[in-house]
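Asker: The file below is structure-v4.csv, CSV, C-alpha atoms and all ligand atoms:
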chain,number,residue,atom,x,y,z
A,1,LEU,CA,12.9,-23.9,2.9
A,2,PHE,CA,12.2,-20.1,2.6
A,3,ALA,CA,15.8,-19.2,3.2
A,4,GLY,CA,17.0,-20.6,-0.1
A,5,PRO,CA,16.7,-19.2,-3.6
A,6,VAL,CA,13.3,-18.3,-5.0
A,7,THR,CA,12.7,-18.0,-8.7
A,8,PHE,CA,9.8,-17.2,-11.1
A,9,VAL,CA,9.4,-20.2,-13.3
A,10,LYS,CA,6.7,-19.4,-15.7
A,11,GLY,CA,3.2,-18.1,-16.4
A,12,VAL,CA,0.8,-20.8,-17.5
A,13,VAL,CA,-2.3,-20.3,-19.7
A,14,ALA,CA,-3.2,-23.9,-20.5
A,15,MET,CA,-2.8,-27.3,-18.8
A,16,SER,CA,-0.2,-28.3,-21.4
A,17,GLY,CA,2.0,-25.4,-20.1
A,18,LEU,CA,2.3,-26.7,-16.6
A,19,PRO,CA,5.8,-27.6,-15.4
A,20,PRO,CA,6.6,-31.3,-14.7
A,21,ALA,CA,4.7,-32.5,-11.6
A,22,ASP,CA,8.0,-33.4,-9.9
A,23,ARG,CA,7.6,-31.7,-6.5
A,24,THR,CA,5.0,-30.7,-3.9
A,25,GLU,CA,3.1,-27.5,-4.7
A,26,VAL,CA,0.6,-25.3,-2.9
A,27,CYS,CA,-1.6,-22.7,-4.6
A,28,PHE,CA,-3.1,-19.4,-3.6
A,29,ALA,CA,-6.6,-18.7,-4.7
A,30,GLY,CA,-8.9,-15.8,-3.9
A,31,ARG,CA,-10.9,-12.9,-5.2
A,32,SER,CA,-9.2,-10.4,-7.3
A,33,ASN,CA,-7.3,-7.9,-5.2
A,34,VAL,CA,-7.5,-10.0,-2.0
A,35,GLY,CA,-3.7,-10.0,-1.7
A,36,LYS,CA,-2.4,-13.2,-3.3
A,37,SER,CA,0.6,-11.7,-5.0
A,38,SER,CA,1.4,-9.6,-1.9
A,39,LEU,CA,1.3,-12.8,0.3
A,40,ILE,CA,3.7,-14.6,-2.0
A,41,ASN,CA,6.0,-11.7,-1.9
A,42,ALA,CA,5.8,-11.6,1.9
A,43,LEU,CA,6.4,-15.4,2.2
A,44,THR,CA,9.4,-15.3,0.0
A,45,GLY,CA,10.7,-12.0,1.4
A,46,ARG,CA,10.9,-10.6,-2.1
A,47,LYS,CA,9.0,-7.3,-2.6
A,48,THR,CA,8.5,-7.6,-6.3
A,49,LEU,CA,8.6,-11.3,-7.2
A,50,ALA,CA,4.9,-11.6,-7.8
A,51,ARG,CA,3.4,-8.5,-9.3
A,52,ALA,CA,1.1,-6.9,-6.8
A,53,SER,CA,-1.2,-4.1,-8.0
A,54,ASN,CA,-4.1,-1.8,-7.2
A,55,THR,CA,-5.7,-2.9,-10.5
A,56,PRO,CA,-8.0,-5.9,-9.9
A,57,GLY,CA,-7.4,-8.8,-12.3
A,58,ARG,CA,-3.7,-8.1,-12.5
A,59,THR,CA,-2.6,-11.7,-12.3
A,60,GLN,CA,-4.1,-13.4,-15.4
A,61,GLU,CA,-1.9,-16.5,-15.7
A,62,ILE,CA,-1.2,-19.3,-13.3
A,63,ASN,CA,2.2,-18.1,-12.1
A,64,TYR,CA,4.7,-20.7,-10.9
A,65,PHE,CA,7.4,-19.8,-8.4
A,66,ALA,CA,10.0,-22.3,-7.2
A,67,LEU,CA,11.5,-22.5,-3.7
A,68,GLY,CA,14.8,-24.1,-4.6
A,69,GLU,CA,14.0,-27.6,-5.9
A,70,ALA,CA,11.7,-28.4,-3.1
A,71,ARG,CA,8.3,-26.6,-3.7
A,72,TYR,CA,6.3,-24.7,-6.1
A,73,LEU,CA,4.2,-21.8,-5.0
A,74,VAL,CA,1.4,-21.2,-7.4
A,75,ASP,CA,-0.3,-17.8,-7.8
A,76,LEU,CA,-3.8,-18.3,-9.4
A,77,PRO,CA,-5.7,-15.7,-11.3
A,78,GLY,CA,-8.2,-13.8,-9.1
A,79,TYR,CA,-11.9,-14.5,-9.4
A,80,GLY,CA,-14.9,-12.3,-8.9
A,81,TYR,CA,-13.6,-9.4,-10.9
A,82,ALA,CA,-16.9,-7.9,-12.2
A,83,GLU,CA,-15.4,-6.0,-15.1
A,84,ALA,CA,-13.6,-9.0,-16.7
A,85,PRO,CA,-15.0,-10.0,-20.1
A,86,VAL,CA,-17.3,-13.0,-19.9
A,87,ALA,CA,-15.3,-15.1,-22.4
A,88,ILE,CA,-12.1,-14.5,-20.4
A,89,VAL,CA,-13.8,-15.5,-17.2
A,90,ALA,CA,-15.1,-18.7,-18.7
A,91,LYS,CA,-11.7,-19.6,-20.1
A,92,TRP,CA,-10.1,-19.1,-16.6
A,93,GLN,CA,-12.8,-21.0,-14.9
A,94,ALA,CA,-12.2,-24.0,-17.2
A,95,LEU,CA,-8.5,-23.9,-16.6
A,96,LEU,CA,-8.9,-23.5,-12.9
A,97,LYS,CA,-11.2,-26.5,-12.8
A,98,GLN,CA,-8.8,-28.6,-14.8
A,99,TYR,CA,-5.9,-27.5,-12.7
A,100,LEU,CA,-7.5,-28.2,-9.3
A,101,ALA,CA,-8.9,-31.5,-10.4
A,102,GLY,CA,-5.9,-32.7,-12.3
A,103,ARG,CA,-2.7,-31.6,-10.6
A,104,GLN,CA,-1.4,-34.7,-8.7
A,105,THR,CA,1.3,-32.8,-6.8
A,106,LEU,CA,-1.1,-30.1,-5.4
A,107,ARG,CA,-1.1,-30.6,-1.7
A,108,ARG,CA,-3.1,-27.7,-0.4
A,109,ALA,CA,-4.9,-24.7,-1.7
A,110,PHE,CA,-4.8,-21.6,0.4
A,111,VAL,CA,-8.0,-19.7,-0.1
A,112,LEU,CA,-7.4,-16.0,0.7
A,113,ILE,CA,-10.3,-14.1,2.3
A,114,ASP,CA,-10.2,-10.4,2.8
A,115,ALA,CA,-10.5,-9.9,6.6
A,116,ARG,CA,-12.8,-6.9,6.0
A,117,HIS,CA,-15.3,-8.9,4.0
A,118,GLY,CA,-15.3,-12.6,5.2
A,119,VAL,CA,-16.4,-15.4,3.0
A,120,LYS,CA,-18.7,-14.2,0.1
A,121,ASP,CA,-20.9,-16.1,-2.4
A,122,VAL,CA,-18.2,-15.8,-5.0
A,123,ASP,CA,-15.8,-17.6,-2.6
A,124,GLU,CA,-18.3,-20.4,-2.0
A,125,GLU,CA,-18.0,-21.3,-5.7
A,126,ILE,CA,-14.3,-22.1,-5.4
A,127,LEU,CA,-14.8,-23.8,-2.0
A,128,LYS,CA,-17.3,-26.2,-3.7
A,129,LEU,CA,-15.0,-26.7,-6.6
A,130,LEU,CA,-12.2,-27.7,-4.1
A,131,ASP,CA,-14.6,-30.1,-2.4
A,132,ARG,CA,-15.4,-31.7,-5.7
A,133,SER,CA,-11.7,-31.9,-6.6
A,134,ALA,CA,-10.8,-33.3,-3.2
A,135,VAL,CA,-8.1,-30.7,-2.7
A,136,THR,CA,-7.6,-29.9,1.0
A,137,PHE,CA,-7.9,-26.1,1.4
A,138,GLN,CA,-7.1,-23.7,4.2
A,139,ALA,CA,-8.5,-20.3,4.6
A,140,VAL,CA,-6.1,-17.4,5.0
A,141,LEU,CA,-7.4,-14.1,6.2
A,142,THR,CA,-5.6,-11.2,4.5
A,143,LYS,CA,-5.1,-7.5,5.3
A,144,VAL,CA,-5.8,-7.9,9.0
A,145,ASP,CA,-3.9,-4.7,9.6
A,146,LYS,CA,-7.1,-3.0,8.3
A,147,ILE,CA,-9.4,-4.2,11.0
A,148,ASN,CA,-9.6,-4.0,14.8
A,149,LYS,CA,-9.7,-6.8,17.4
A,150,VAL,CA,-13.5,-7.0,17.7
A,151,GLU,CA,-13.8,-7.2,13.9
A,152,ARG,CA,-11.1,-9.8,13.8
A,153,ALA,CA,-12.9,-12.1,16.2
A,154,ALA,CA,-16.1,-11.7,14.3
A,155,VAL,CA,-14.7,-12.5,10.9
A,156,ILE,CA,-12.8,-15.5,12.2
A,157,GLU,CA,-16.1,-16.9,13.5
A,158,GLN,CA,-17.8,-16.2,10.1
A,159,VAL,CA,-15.1,-17.9,8.2
A,160,LYS,CA,-15.1,-21.0,10.5
A,161,GLY,CA,-18.8,-21.2,10.1
A,162,ALA,CA,-18.5,-21.2,6.3
A,163,LEU,CA,-15.7,-23.8,6.4
A,164,ALA,CA,-17.7,-26.2,8.5
A,165,LYS,CA,-20.0,-26.9,5.5
A,166,HIS,CA,-17.0,-28.0,3.3
A,167,PRO,CA,-15.6,-31.5,3.6
A,168,ALA,CA,-12.3,-30.5,2.0
A,169,ALA,CA,-11.7,-27.6,4.5
A,170,TYR,CA,-8.8,-27.7,6.9
A,171,PRO,CA,-10.4,-26.2,10.0
A,172,GLU,CA,-7.5,-23.9,11.1
A,173,VAL,CA,-7.7,-20.4,9.8
A,174,VAL,CA,-4.4,-18.5,9.3
A,175,VAL,CA,-4.6,-14.8,10.0
A,176,THR,CA,-2.1,-12.6,8.0
A,177,SER,CA,-1.0,-9.2,7.0
A,178,SER,CA,1.5,-9.0,4.2
A,179,GLU,CA,2.0,-5.4,5.1
A,180,LYS,CA,2.9,-5.9,8.8
A,181,GLY,CA,4.3,-9.5,8.5
A,182,GLU,CA,1.7,-11.0,10.8
A,183,GLY,CA,1.1,-14.7,10.3
A,184,ILE,CA,3.8,-15.0,7.6
A,185,GLU,CA,6.0,-17.3,9.7
A,186,THR,CA,3.1,-19.5,10.6
A,187,LEU,CA,2.2,-19.9,6.9
A,188,ARG,CA,5.8,-20.7,6.0
A,189,ALA,CA,5.8,-23.4,8.7
A,190,ILE,CA,2.6,-24.9,7.3
A,191,ILE,CA,4.0,-25.0,3.8
A,192,ALA,CA,7.3,-26.5,5.0
A,193,THR,CA,5.4,-29.3,6.7
A,194,LEU,CA,3.5,-30.4,3.6
A,195,GLU,CA,5.3,-33.0,1.6
A,201,LIG,P1,-5.1,-10.1,-8.5
A,201,LIG,O1,-3.8,-10.5,-9.0
A,201,LIG,O2,-5.7,-8.9,-9.2
A,201,LIG,O3,-6.1,-11.2,-8.3
A,201,LIG,O4,-4.9,-9.5,-7.0
A,201,LIG,P2,-4.0,-10.1,-5.8
A,201,LIG,O5,-4.9,-11.0,-5.0
A,201,LIG,O6,-2.8,-10.7,-6.3
A,201,LIG,O7,-3.8,-8.8,-4.9
A,201,LIG,P3,-2.4,-8.0,-4.7
A,201,LIG,O8,-1.4,-8.8,-3.9
A,201,LIG,O9,-2.0,-7.4,-6.0
A,201,LIG,O10,-2.9,-6.8,-3.7
A,201,LIG,C1,-4.0,-6.0,-4.0
A,201,LIG,C2,-3.9,-4.7,-3.2
A,201,LIG,O11,-4.0,-5.0,-1.8
A,201,LIG,C3,-2.5,-4.0,-3.3
A,201,LIG,O12,-2.7,-2.6,-3.4
A,201,LIG,C4,-1.8,-4.4,-2.1
A,201,LIG,O13,-0.8,-3.4,-1.7
A,201,LIG,C5,-2.9,-4.5,-1.1
A,201,LIG,N1,-2.6,-5.4,0.0
A,201,LIG,C6,-2.2,-6.7,-0.1
A,201,LIG,N2,-2.0,-7.3,1.1
A,201,LIG,C7,-2.2,-6.4,2.0
A,201,LIG,C8,-2.1,-6.3,3.5
A,201,LIG,O14,-1.7,-7.3,4.2
A,201,LIG,N3,-2.4,-5.2,4.1
A,201,LIG,C9,-2.8,-4.0,3.4
A,201,LIG,N4,-3.1,-2.9,4.1
A,201,LIG,N5,-2.9,-4.0,2.0
A,201,LIG,C10,-2.6,-5.1,1.4
A,202,MG,MG,-2.1,-11.0,-8.2
Translate this file's structure into structure tokens.
Answerer:
Amino acid sequence: LFAGPVTFVKGVVAMSGLPPADRTEVCFAGRSNVGKSSLINALTGRKTLARASNTPGRTQEINYFALGEARYLVDLPGYGYAEAPVAIVAKWQALLKQYLAGRQTLRRAFVLIDARHGVKDVDEEILKLLDRSAVTFQAVLTKVDKINKVERAAVIEQVKGALAKHPAAYPEVVVTSSEKGEGIETLRAIIATLE
């Protein structure tokens, strides 16, 4: 699946702009700067496909990437960016709500959690939204190259504890580093299995 061609399809700012719901898609959600774009680049083996950046709030559209004709990978705008204007935040929240509740072909949401921080209040908001939308979600720890083994065990426990409260949560946590490549093959296999 990941060996074939990968293309950027489009950036979407309204539900009317979504591409036809003609194939399985998975989306990547998470706080601004958590590493969503970097993870998509690591998964697809393309360093600059999704724009990764040090500037929080870089990805402001719902960006669609196609794996051949088989899957869409969907990069969602980051949330929890304190400096974003209130009106913009409200607009994105509305779009995100509509997208999560209304996209028939969305099979799983990967919710990225920074391994240094664990699940925060701002993440809980989206987890509740996913519950209400009945979208199965799976937690993906990012940037594990930045923590040690003891911290890793602790954050996995914290995340599992947080997930236990959410009916839409898939219990298994994926541990990744886009920088070092850890967990990338595991995540590819999960995406390939979803139909
Ligand atoms: P927004 O689009 O603003 O929501 O951010 P994002 O979630 O797409 O994050 P992005 O991929 O742009 O990464 C943010 C920063 O974290 C960049 O400086 C990346 O280089 C860095 N980063 C991402 N993944 C990793 C990782 O696995 N390890 C390390 N050390 N840094 C990472
Ligand atoms: Mg991004």
Asker: Could you state the separation of atom CA of Ser16 of chain A and atom CA of Tyr170 of chain A in Å, given to one decimal place?
Answerer: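 These two atoms are separated by 29.6 Å.
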Asker: Which residue gives the smallest distance to ligand MG 202 (chain A) among A:Pro5, A:Pro20, A:Pro77, A:Gly102, with only C-alpha atoms and all ligand atoms counted?
Answerer: A:Pro77
Asker: Please determine, counting only C-alpha atoms, which residue among A:Val9, A:Ala192, A:Ala42, A:Ala90 has the shortest atom-to-atom distance to Phe65 of chain A.
Answerer: A:Val9
Asker: Let me make sure I understand: among A:Leu76, A:Val12, A:Ala134, A:Ile156, which one has the smallest atom-to-atom distance to ligand MG 202 (chain A) if we use only C-alpha atoms and all ligand atoms?
Answerer: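 Answer, going by the shortest atom-to-atom distance: A:Leu76.
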Asker: Grab me every residue within 9 Å of ligand LIG 201 (chain A), counting all atoms listed in the file, and send it over as a PyMOL selection string.
Answerer: chain A and resi 28-42+50-60+75-81+112+114+142-146+176-182
Asker: Could you turn the residues from that selection into a file that holds C-alpha atoms, as a PDB file, in the frame of the given file?
Answerer:
ATOM      1  CA  PHE A  28      -3.100 -19.400  -3.600  1.00  0.00           C
ATOM      2  CA  ALA A  29      -6.600 -18.700  -4.700  1.00  0.00           C
ATOM      3  CA  GLY A  30      -8.900 -15.800  -3.900  1.00  0.00           C
ATOM      4  CA  ARG A  31     -10.900 -12.900  -5.200  1.00  0.00           C
ATOM      5  CA  SER A  32      -9.200 -10.400  -7.300  1.00  0.00           C
ATOM      6  CA  ASN A  33      -7.300  -7.900  -5.200  1.00  0.00           C
ATOM      7  CA  VAL A  34      -7.500 -10.000  -2.000  1.00  0.00           C
ATOM      8  CA  GLY A  35      -3.700 -10.000  -1.700  1.00  0.00           C
ATOM      9  CA  LYS A  36      -2.400 -13.200  -3.300  1.00  0.00           C
ATOM     10  CA  SER A  37       0.600 -11.700  -5.000  1.00  0.00           C
ATOM     11  CA  SER A  38       1.400  -9.600  -1.900  1.00  0.00           C
ATOM     12  CA  LEU A  39       1.300 -12.800   0.300  1.00  0.00           C
ATOM     13  CA  ILE A  40       3.700 -14.600  -2.000  1.00  0.00           C
ATOM     14  CA  ASN A  41       6.000 -11.700  -1.900  1.00  0.00           C
ATOM     15  CA  ALA A  42       5.800 -11.600   1.900  1.00  0.00           C
ATOM     16  CA  ALA A  50       4.900 -11.600  -7.800  1.00  0.00           C
ATOM     17  CA  ARG A  51       3.400  -8.500  -9.300  1.00  0.00           C
ATOM     18  CA  ALA A  52       1.100  -6.900  -6.800  1.00  0.00           C
ATOM     19  CA  SER A  53      -1.200  -4.100  -8.000  1.00  0.00           C
ATOM     20  CA  ASN A  54      -4.100  -1.800  -7.200  1.00  0.00           C
ATOM     21  CA  THR A  55      -5.700  -2.900 -10.500  1.00  0.00           C
ATOM     22  CA  PRO A  56      -8.000  -5.900  -9.900  1.00  0.00           C
ATOM     23  CA  GLY A  57      -7.400  -8.800 -12.300  1.00  0.00           C
ATOM     24  CA  ARG A  58      -3.700  -8.100 -12.500  1.00  0.00           C
ATOM     25  CA  THR A  59      -2.600 -11.700 -12.300  1.00  0.00           C
ATOM     26  CA  GLN A  60      -4.100 -13.400 -15.400  1.00  0.00           C
ATOM     27  CA  ASP A  75      -0.300 -17.800  -7.800  1.00  0.00           C
ATOM     28  CA  LEU A  76      -3.800 -18.300  -9.400  1.00  0.00           C
ATOM     29  CA  PRO A  77      -5.700 -15.700 -11.300  1.00  0.00           C
ATOM     30  CA  GLY A  78      -8.200 -13.800  -9.100  1.00  0.00           C
ATOM     31  CA  TYR A  79     -11.900 -14.500  -9.400  1.00  0.00           C
ATOM     32  CA  GLY A  80     -14.900 -12.300  -8.900  1.00  0.00           C
ATOM     33  CA  TYR A  81     -13.600  -9.400 -10.900  1.00  0.00           C
ATOM     34  CA  LEU A 112      -7.400 -16.000   0.700  1.00  0.00           C
ATOM     35  CA  ASP A 114     -10.200 -10.400   2.800  1.00  0.00           C
ATOM     36  CA  THR A 142      -5.600 -11.200   4.500  1.00  0.00           C
ATOM     37  CA  LYS A 143      -5.100  -7.500   5.300  1.00  0.00           C
ATOM     38  CA  VAL A 144      -5.800  -7.900   9.000  1.00  0.00           C
ATOM     39  CA  ASP A 145      -3.900  -4.700   9.600  1.00  0.00           C
ATOM     40  CA  LYS A 146      -7.100  -3.000   8.300  1.00  0.00           C
ATOM     41  CA  THR A 176      -2.100 -12.600   8.000  1.00  0.00           C
ATOM     42  CA  SER A 177      -1.000  -9.200   7.000  1.00  0.00           C
ATOM     43  CA  SER A 178       1.500  -9.000   4.200  1.00  0.00           C
ATOM     44  CA  GLU A 179       2.000  -5.400   5.100  1.00  0.00           C
ATOM     45  CA  LYS A 180       2.900  -5.900   8.800  1.00  0.00           C
ATOM     46  CA  GLY A 181       4.300  -9.500   8.500  1.00  0.00           C
ATOM     47  CA  GLU A 182       1.700 -11.000  10.800  1.00  0.00           C
TER      48      GLU A 182
END
Asker: Which residues are close to Val173 of chain A, i.e. within 12 Å by only C-alpha atoms, leaving aside same-chain residues fewer than 2 positions away? Reply as number ranges by chain.
Answerer: A: 110-113, 115, 118, 137-142, 152-153, 155-164, 169-171, 175-176, 183, 186-187, 190
Asker: List every protein, DNA or RNA residue that has an atom no more than 12 Å from (-1.4, -28.7, -21.9) in the file's coordinate frame, counting all atoms listed in the file, and report them as a list in words.
Answerer: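 Nearby residues: Val12, Val13, Ala14, Met15, Ser16, Gly17, Leu18, Pro19, Pro20, Leu95, Gln98, Tyr99, Gly102 and Arg103 of chain A.
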Asker: Rank nothing, just name the residue among A:Ala66, A:Ala154, A:Arg71, A:Glu124 nearest to Val6 of chain A, using only C-alpha atoms.
Answerer: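 With only C-alpha atoms as the atom set, the closest residue is A:Ala66.
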Asker: One decimal, in Å: what's the spacing between atom CA of Thr136 of chain A and atom CA of Leu67 of chain A?
Answerer: 21.0 Å
Asker: Between A:Glu83, A:Ala109, A:Gln93, A:Thr193, single out the one closest to Ala168 of chain A, counting all atoms listed in the file.
Answerer: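 Ranking A:Glu83, A:Ala109, A:Gln93, A:Thr193 by distance to Ala168 of chain A, first place goes to A:Ala109.
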Asker: Check the smallest atom-to-atom distance from each of A:Phe2, A:Ile62, A:Phe8, A:Ser133 to ligand MG 202 (chain A) using all atoms listed in the file, then report the winner.
Answerer: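 Of all the options, A:Ile62 lies closest to ligand MG 202 (chain A).
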Asker: Go ahead and compute the interatomic distance for atom CA of Trp92 of chain A and atom CA of Lys47 of chain A, in Å to one decimal.
Answerer: 26.5 Å
